[in-house]
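S.K.: File query_11.txt follows (compact mmCIF, C-alpha atoms):
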```
# COMPACT_ATOMS: atom_id res chain seq x y z
CA VAL A 1 -4.63 2.41 -6.66
CA GLN A 2 -5.60 2.05 -10.28
CA ALA A 3 -3.44 -0.23 -12.43
CA ASN A 4 -3.95 -2.12 -15.66
CA SER A 5 -3.36 -5.39 -13.83
CA LYS A 6 -3.51 -6.40 -10.17
CA GLN A 7 -2.14 -9.50 -8.49
CA GLY A 8 -3.11 -10.09 -4.89
CA ALA A 9 -4.01 -7.52 -2.28
CA LEU A 10 -3.79 -6.89 1.43
CA GLU A 11 -6.27 -4.61 3.14
CA ILE A 12 -4.52 -1.63 4.68
CA THR A 13 -5.92 -1.50 8.21
CA PRO A 14 -4.73 0.49 11.23
CA GLU A 15 -3.43 -2.75 12.73
CA ARG A 16 -1.49 -3.65 9.58
CA ILE A 17 -0.01 -0.13 9.40
CA ALA A 18 1.14 -0.41 13.04
CA ILE A 19 2.81 -3.76 12.30
CA MET A 20 4.53 -2.37 9.20
CA LEU A 21 5.79 0.67 11.13
CA GLU A 22 7.16 -1.61 13.83
CA GLN A 23 8.87 -3.78 11.23
CA ALA A 24 10.30 -0.73 9.44
CA GLU A 25 11.83 0.48 12.70
CA ALA A 26 13.69 -2.83 12.98
CA PHE A 27 15.43 -2.02 9.68
CA SER A 28 16.44 1.56 10.41
CA ASP A 29 19.80 0.98 8.72
CA SER A 30 18.14 0.07 5.40
CA GLU A 31 18.42 2.46 2.46
CA HIS A 32 14.62 2.21 2.15
CA TYR A 33 13.93 3.11 5.78
CA PRO A 34 13.14 6.82 5.14
CA PHE A 35 10.68 5.87 2.39
CA TYR A 36 8.79 3.38 4.55
CA ILE A 37 8.63 5.69 7.56
CA GLU A 38 7.38 8.60 5.43
CA VAL A 39 4.72 6.53 3.66
CA LEU A 40 3.53 4.59 6.70
CA THR A 41 3.42 7.66 8.94
CA ALA A 42 1.15 9.39 6.43
CA TRP A 43 -1.04 6.29 6.23
CA ASP A 44 -1.17 6.09 10.03
CA GLU A 45 -2.55 9.64 9.96
CA GLY A 46 -5.18 8.66 7.35
CA ASP A 47 -3.40 10.27 4.38
CA PHE A 48 -3.18 7.85 1.47
CA SER A 49 -2.43 10.48 -1.17
CA ASN A 50 1.03 8.93 -1.62
CA ALA A 51 -0.32 5.46 -2.48
CA VAL A 52 0.57 5.60 -6.20
CA TYR A 53 4.10 6.73 -5.36
CA ALA A 54 4.39 4.06 -2.63
CA HIS A 55 3.05 1.29 -4.86
CA ASN A 56 5.35 2.16 -7.74
CA TYR A 57 8.40 2.56 -5.48
CA VAL A 58 7.94 -0.95 -4.10
CA TRP A 59 6.90 -2.29 -7.51
CA THR A 60 10.08 -0.92 -9.11
CA ASN A 61 12.31 -2.21 -6.32
CA LYS A 62 10.76 -5.67 -6.68
CA ASP A 63 11.41 -5.59 -10.46
CA GLY A 64 7.71 -5.38 -11.30
CA ASP A 65 6.81 -5.65 -14.94
CA ILE A 66 3.01 -5.58 -14.84
CA GLY A 67 0.69 -3.67 -12.55
CA GLU A 68 2.27 -0.22 -12.42
CA ALA A 69 -0.14 2.17 -10.68
CA TYR A 70 -1.30 5.19 -12.64
CA ALA A 71 -3.89 6.84 -10.36
CA LEU A 72 -5.51 6.79 -6.96
CA SER A 73 -8.86 5.06 -6.74
CA ASP A 74 -11.78 7.33 -5.98
CA ASP A 75 -14.01 6.57 -2.98
CA ASP A 76 -16.48 4.48 -5.01
CA GLN A 77 -13.72 2.46 -6.70
CA GLU A 78 -12.03 1.85 -3.36
CA ALA A 79 -15.28 0.77 -1.70
CA ALA A 80 -16.04 -1.65 -4.56
CA PHE A 81 -12.52 -3.12 -4.38
CA VAL A 82 -12.70 -3.58 -0.61
CA GLU A 83 -16.12 -5.20 -0.88
CA ALA A 84 -15.01 -7.54 -3.66
CA ASN A 85 -11.70 -8.54 -2.08
CA PHE A 86 -11.99 -8.28 1.69
CA ARG A 87 -15.61 -8.72 2.70
CA ASP A 88 -17.65 -11.90 2.79
CA VAL A 89 -20.76 -10.88 0.88
CA ASP A 90 -22.50 -14.14 1.91
CA MET A 91 -22.60 -13.20 5.61
```
Translate the structure described by the file into structure tokens.
M.R.:
Amino acid sequence: VQANSKQGALEITPERIAIMLEQAEAFSDSEHYPFYIEVLTAWDEGDFSNAVYAHNYVWTNKDGDIGEAYALSDDDQEAAFVEANFRDVDM
């Protein structure tokens, strides 16, 4: 997502999505359970169109004060972010 400030990042991989879905299921009595299942199910199906909503939902619930998302990254922005943050360019 696009934000004026970013702090840390985890690459969203199929394996990570599967782990998060499994963890969400363990908290089915949580008030946030429907949100996590909806978001992660879409991601599991390759649909990340809800990423701004998901980011800001979590950001708000964690009392975020910097880094609110305002737009989805386009393919080029996403590729550059992944390359800069998750790939070893010296390999």
S.K.: If you count only C-alpha atoms, which residues fall within 9 Å of Leu72 of chain A, apart from same-chain ones fewer than 3 positions away, as number ranges by chain?
M.R.: A: 1-2, 48-52, 69, 78
S.K.: Out of A:Asp75, A:Ala3, A:Leu21, A:Ala80, which residue has the shortest atom-to-atom distance to Pro34 of chain A when counting all atoms listed in the file?
M.R.: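 Result for the nearest residue to Pro34 of chain A: A:Leu21.
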S.K.: Could you jot down the atom CA of Glu45 of chain A to atom CA of Gln7 of chain A separation for me, Å, one decimal place?
M.R.: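 Rounded to one decimal, the two atoms are 26.6 Å apart.
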S.K.: Rounded to one decimal in Å, what is the spacing between atom CA of Glu11 of chain A and atom CA of Glu31 of chain A?
M.R.: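 Spanning atom CA of Glu11 of chain A to atom CA of Glu31 of chain A is a straight-line distance of 25.7 Å.
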S.K.: Is it possible to add N, CA and C atoms to segment 9-45 of chain A and hand it back as a PDB file, in the coordinates of the input?
M.R.:
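Okay, this is what ended up in part.pdb:
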```pdb
ATOM      1  N   ALA A   9      -3.730  -8.754  -3.006  1.00  0.00           N
ATOM      2  CA  ALA A   9      -4.010  -7.520  -2.280  1.00  0.00           C
ATOM      3  C   ALA A   9      -4.075  -7.812  -0.794  1.00  0.00           C
ATOM      4  N   LEU A  10      -3.637  -6.855  -0.020  1.00  0.00           N
ATOM      5  CA  LEU A  10      -3.790  -6.890   1.430  1.00  0.00           C
ATOM      6  C   LEU A  10      -4.536  -5.629   1.829  1.00  0.00           C
ATOM      7  N   GLU A  11      -5.538  -5.781   2.673  1.00  0.00           N
ATOM      8  CA  GLU A  11      -6.270  -4.610   3.140  1.00  0.00           C
ATOM      9  C   GLU A  11      -5.388  -3.805   4.079  1.00  0.00           C
ATOM     10  N   ILE A  12      -5.321  -2.517   3.846  1.00  0.00           N
ATOM     11  CA  ILE A  12      -4.520  -1.630   4.680  1.00  0.00           C
ATOM     12  C   ILE A  12      -5.397  -1.186   5.850  1.00  0.00           C
ATOM     13  N   THR A  13      -5.166  -1.801   6.996  1.00  0.00           N
ATOM     14  CA  THR A  13      -5.920  -1.500   8.210  1.00  0.00           C
ATOM     15  C   THR A  13      -5.009  -0.788   9.203  1.00  0.00           C
ATOM     16  N   PRO A  14      -5.577  -0.127  10.206  1.00  0.00           N
ATOM     17  CA  PRO A  14      -4.730   0.490  11.230  1.00  0.00           C
ATOM     18  C   PRO A  14      -3.789  -0.516  11.891  1.00  0.00           C
ATOM     19  N   GLU A  15      -4.265  -1.725  12.113  1.00  0.00           N
ATOM     20  CA  GLU A  15      -3.430  -2.750  12.730  1.00  0.00           C
ATOM     21  C   GLU A  15      -2.262  -3.137  11.816  1.00  0.00           C
ATOM     22  N   ARG A  16      -2.544  -3.282  10.535  1.00  0.00           N
ATOM     23  CA  ARG A  16      -1.490  -3.650   9.580  1.00  0.00           C
ATOM     24  C   ARG A  16      -0.468  -2.519   9.455  1.00  0.00           C
ATOM     25  N   ILE A  17      -0.924  -1.277   9.457  1.00  0.00           N
ATOM     26  CA  ILE A  17      -0.010  -0.130   9.400  1.00  0.00           C
ATOM     27  C   ILE A  17       0.895  -0.131  10.627  1.00  0.00           C
ATOM     28  N   ALA A  18       0.337  -0.376  11.812  1.00  0.00           N
ATOM     29  CA  ALA A  18       1.140  -0.410  13.040  1.00  0.00           C
ATOM     30  C   ALA A  18       2.203  -1.499  12.960  1.00  0.00           C
ATOM     31  N   ILE A  19       1.846  -2.662  12.449  1.00  0.00           N
ATOM     32  CA  ILE A  19       2.810  -3.760  12.300  1.00  0.00           C
ATOM     33  C   ILE A  19       3.907  -3.364  11.321  1.00  0.00           C
ATOM     34  N   MET A  20       3.526  -2.759  10.192  1.00  0.00           N
ATOM     35  CA  MET A  20       4.530  -2.370   9.200  1.00  0.00           C
ATOM     36  C   MET A  20       5.457  -1.293   9.740  1.00  0.00           C
ATOM     37  N   LEU A  21       4.928  -0.346  10.509  1.00  0.00           N
ATOM     38  CA  LEU A  21       5.790   0.670  11.130  1.00  0.00           C
ATOM     39  C   LEU A  21       6.773   0.032  12.101  1.00  0.00           C
ATOM     40  N   GLU A  22       6.293  -0.903  12.885  1.00  0.00           N
ATOM     41  CA  GLU A  22       7.160  -1.610  13.830  1.00  0.00           C
ATOM     42  C   GLU A  22       8.254  -2.378  13.088  1.00  0.00           C
ATOM     43  N   GLN A  23       7.880  -3.045  12.013  1.00  0.00           N
ATOM     44  CA  GLN A  23       8.870  -3.780  11.230  1.00  0.00           C
ATOM     45  C   GLN A  23       9.864  -2.838  10.568  1.00  0.00           C
ATOM     46  N   ALA A  24       9.397  -1.697  10.073  1.00  0.00           N
ATOM     47  CA  ALA A  24      10.300  -0.730   9.440  1.00  0.00           C
ATOM     48  C   ALA A  24      11.330  -0.228  10.440  1.00  0.00           C
ATOM     49  N   GLU A  25      10.902   0.010  11.668  1.00  0.00           N
ATOM     50  CA  GLU A  25      11.830   0.480  12.700  1.00  0.00           C
ATOM     51  C   GLU A  25      12.958  -0.523  12.947  1.00  0.00           C
ATOM     52  N   ALA A  26      12.675  -1.797  12.768  1.00  0.00           N
ATOM     53  CA  ALA A  26      13.690  -2.830  12.980  1.00  0.00           C
ATOM     54  C   ALA A  26      14.761  -2.805  11.891  1.00  0.00           C
ATOM     55  N   PHE A  27      14.482  -2.104  10.795  1.00  0.00           N
ATOM     56  CA  PHE A  27      15.430  -2.020   9.680  1.00  0.00           C
ATOM     57  C   PHE A  27      15.849  -0.579   9.434  1.00  0.00           C
ATOM     58  N   SER A  28      16.117   0.139  10.523  1.00  0.00           N
ATOM     59  CA  SER A  28      16.440   1.560  10.410  1.00  0.00           C
ATOM     60  C   SER A  28      17.740   1.826   9.657  1.00  0.00           C
ATOM     61  N   ASP A  29      18.562   0.799   9.480  1.00  0.00           N
ATOM     62  CA  ASP A  29      19.800   0.980   8.720  1.00  0.00           C
ATOM     63  C   ASP A  29      19.617   0.701   7.226  1.00  0.00           C
ATOM     64  N   SER A  30      18.420   0.347   6.811  1.00  0.00           N
ATOM     65  CA  SER A  30      18.140   0.070   5.400  1.00  0.00           C
ATOM     66  C   SER A  30      18.088   1.363   4.592  1.00  0.00           C
ATOM     67  N   GLU A  31      18.510   1.286   3.346  1.00  0.00           N
ATOM     68  CA  GLU A  31      18.420   2.460   2.460  1.00  0.00           C
ATOM     69  C   GLU A  31      16.978   2.864   2.209  1.00  0.00           C
ATOM     70  N   HIS A  32      16.039   1.945   2.395  1.00  0.00           N
ATOM     71  CA  HIS A  32      14.620   2.210   2.150  1.00  0.00           C
ATOM     72  C   HIS A  32      13.876   2.699   3.386  1.00  0.00           C
ATOM     73  N   TYR A  33      14.556   2.711   4.522  1.00  0.00           N
ATOM     74  CA  TYR A  33      13.930   3.110   5.780  1.00  0.00           C
ATOM     75  C   TYR A  33      13.210   4.459   5.698  1.00  0.00           C
ATOM     76  N   PRO A  34      13.838   5.524   5.191  1.00  0.00           N
ATOM     77  CA  PRO A  34      13.140   6.820   5.140  1.00  0.00           C
ATOM     78  C   PRO A  34      11.840   6.761   4.324  1.00  0.00           C
ATOM     79  N   PHE A  35      11.880   6.028   3.224  1.00  0.00           N
ATOM     80  CA  PHE A  35      10.680   5.870   2.390  1.00  0.00           C
ATOM     81  C   PHE A  35       9.553   5.231   3.189  1.00  0.00           C
ATOM     82  N   TYR A  36       9.839   4.093   3.821  1.00  0.00           N
ATOM     83  CA  TYR A  36       8.790   3.380   4.550  1.00  0.00           C
ATOM     84  C   TYR A  36       8.246   4.202   5.717  1.00  0.00           C
ATOM     85  N   ILE A  37       9.102   4.880   6.438  1.00  0.00           N
ATOM     86  CA  ILE A  37       8.630   5.690   7.560  1.00  0.00           C
ATOM     87  C   ILE A  37       7.759   6.841   7.058  1.00  0.00           C
ATOM     88  N   GLU A  38       8.177   7.494   5.992  1.00  0.00           N
ATOM     89  CA  GLU A  38       7.380   8.600   5.430  1.00  0.00           C
ATOM     90  C   GLU A  38       6.006   8.122   4.974  1.00  0.00           C
ATOM     91  N   VAL A  39       5.981   7.045   4.200  1.00  0.00           N
ATOM     92  CA  VAL A  39       4.720   6.530   3.660  1.00  0.00           C
ATOM     93  C   VAL A  39       3.818   6.031   4.777  1.00  0.00           C
ATOM     94  N   LEU A  40       4.361   5.206   5.658  1.00  0.00           N
ATOM     95  CA  LEU A  40       3.530   4.590   6.700  1.00  0.00           C
ATOM     96  C   LEU A  40       3.059   5.603   7.739  1.00  0.00           C
ATOM     97  N   THR A  41       3.856   6.616   8.013  1.00  0.00           N
ATOM     98  CA  THR A  41       3.420   7.660   8.940  1.00  0.00           C
ATOM     99  C   THR A  41       2.230   8.414   8.356  1.00  0.00           C
ATOM    100  N   ALA A  42       2.288   8.727   7.080  1.00  0.00           N
ATOM    101  CA  ALA A  42       1.150   9.390   6.430  1.00  0.00           C
ATOM    102  C   ALA A  42      -0.083   8.492   6.488  1.00  0.00           C
ATOM    103  N   TRP A  43       0.085   7.215   6.180  1.00  0.00           N
ATOM    104  CA  TRP A  43      -1.040   6.290   6.230  1.00  0.00           C
ATOM    105  C   TRP A  43      -1.603   6.188   7.634  1.00  0.00           C
ATOM    106  N   ASP A  44      -0.732   6.160   8.631  1.00  0.00           N
ATOM    107  CA  ASP A  44      -1.170   6.090  10.030  1.00  0.00           C
ATOM    108  C   ASP A  44      -2.016   7.292  10.398  1.00  0.00           C
ATOM    109  N   GLU A  45      -1.773   8.405   9.724  1.00  0.00           N
ATOM    110  CA  GLU A  45      -2.550   9.640   9.960  1.00  0.00           C
ATOM    111  C   GLU A  45      -3.749   9.749   9.015  1.00  0.00           C
TER     112      GLU A  45
END
```
